[in-house]
Amino acid sequence: MPPFGAGAPALLLRLDRNPLHHGTLGAVRSLGRAGVEVHAVVESADSPVTRSRHLHHSHLRPQGRITPDVFRKMLLRISDRIGRPAVLIAMDDISAIHVAALAPRLTGRYLLPAQPLDLPERLADKSELAGLCAESGIAHPATVIPGSAADAASAARELGLPMVAKWSRPWLLPTGSGLRSTTLVRSAADAARLYEQHTTAGSRLLLQRWLPYEPGNDWFFHGYFADRDRCLMGGTGRKVLSWPVRAGLTAMGSWQPNREVELAAGRLAAHVGYRGILDLDFRRDPSTGRFHLLDFNPRPGAQFRLFTDRSGLDVVRAQYLDLTGRTVPPPVARPGRVFVAENYALLSLLASGGRPWPFAAGGTRGGGRAGTEKAGTERAWFAGDDVSPFLAMGAVWCGKGLRKGARRLRPGPRRGGGVPATRASPGGSSTHPLDPASAPR
């Protein structure tokens, strides 16, 4: 794909505090290599993203709570600095929600997909997803929304144990509460105690049937929809490694065809009238063979660069081209292509006993080492033309590890409390702790 030339600049927006979000770096590199002037909102001047040679300028995230008014003023201030209309791409759920709600007030300053103002918020709200799936004929884990602690306890009889607990609006979880967006509940008493914290959580508690993990059953779909009938760029991938193991973000993924997942994604996007980039997570139910939708993320997933075709087209470039009035060329799929988030893949391999590097193993068609090498590997951090972010990530990563080790050596009680829970849920993909610096979903 030739350089895009001196067209509109782009602003990448991420509000949560995650210095190791490799998806933002992937977007910076994707657009920057195409000749786009790339700006990014970052949480700190020390963020590894700021080290990228493809980033034109970084803008610091406001400190404290981001209210709609603070958010609007931030975008207007950045727009004044950029000096001309820019393509705005939200990289996390809360950014997508705020951008959509303020879209009419951003006209003339930012280029955005046209869609209902409340749609990203409805899709990111996990309590809405089950109903939308039912309306569009897509499988979804059985879900109970308890109205009391007694209801939460009785859900164990209906759904079975263990079961998955999710807060419907995880972006409202307060920092320092000790609550996780998703946990695995192993007793009725734990479910009741978790319900009692719904006031602190700021949203409703959902309890879902747990779909047991089996290798090769976790899949995802990324796509850019120009309208309800046109996916201009997209692909289905299988999660090969995850962190935490068997439950978390994609540490390693492989581009593999999956017609059932692809059709489900298109059907849901058409049903809700979605415009823009989306990231969907699925798990195959071993008992029925059906793929269940676990999460709808109204923005790019951190591993979106897995789906880069032979010309360099990905969902971020597709959105940029479409919103600037350019033609998006028909994509050419690259089955077998691999994405690796080096830091999380290393942790996953160590935690799973250091088993052999599983390039495309596990029963997918067109797999095998030869096919993978031919299709290529995309690394989240290391790039020959942009090494500095990788080195900065390593420094941050090692520093976090040392601080965490030091805290564990200190005497006295640990922070946190509440309901005992696993660090991640095998039944869902939003499995990272509340602190988004721990995982880049």
# chains A, B, ... in the order shown; residues from 1 in each chain; ligands from 1
$ residues_around --residues "segment 210-225 of chain A" --least-positions-apart "3" --cutoff "6 Å" --atoms "only C-alpha atoms" --output "JSON, numbers by chain"
{"A": [163, 164, 230, 231, 232, 233, 234, 235, 236, 237, 238, 239, 275, 276, 277, 278, 279, 280, 281, 282, 283, 284, 285, 315, 362, 427]}
$ select_by_dssp --residues "segment 188-391 of chain A" --states "helix (DSSP H, G or I)" --output "ChimeraX atom specification"
/A:188-195,198-201,259-272,304-306,315-323,342-351,369-375,388-391
$ closest_residue --among "A:Thr107, A:Ser181, A:Ser254, A:Thr67" --to "Leu306 of chain A" --atoms "only C-alpha atoms"
A:Ser254
$ closest_residue --among "A:Leu55, A:Ala192, A:Ala351, A:Leu293" --to "His140 of chain A" --atoms "only C-alpha atoms"
A:Leu293
$ residues_around --residues "segment 340-345 of chain A" --least-positions-apart "3" --cutoff "6 Å" --atoms "only C-alpha atoms" --output "list in words"
Trp243, Ala251, Met252, Ser348, Arg379 and Ala380 of chain A
$ residues_around --residues "Gln303 of chain A" --least-positions-apart "5" --cutoff "8 Å" --atoms "only C-alpha atoms" --output "ChimeraX atom specification"
/A:22-23,250,253,339,380
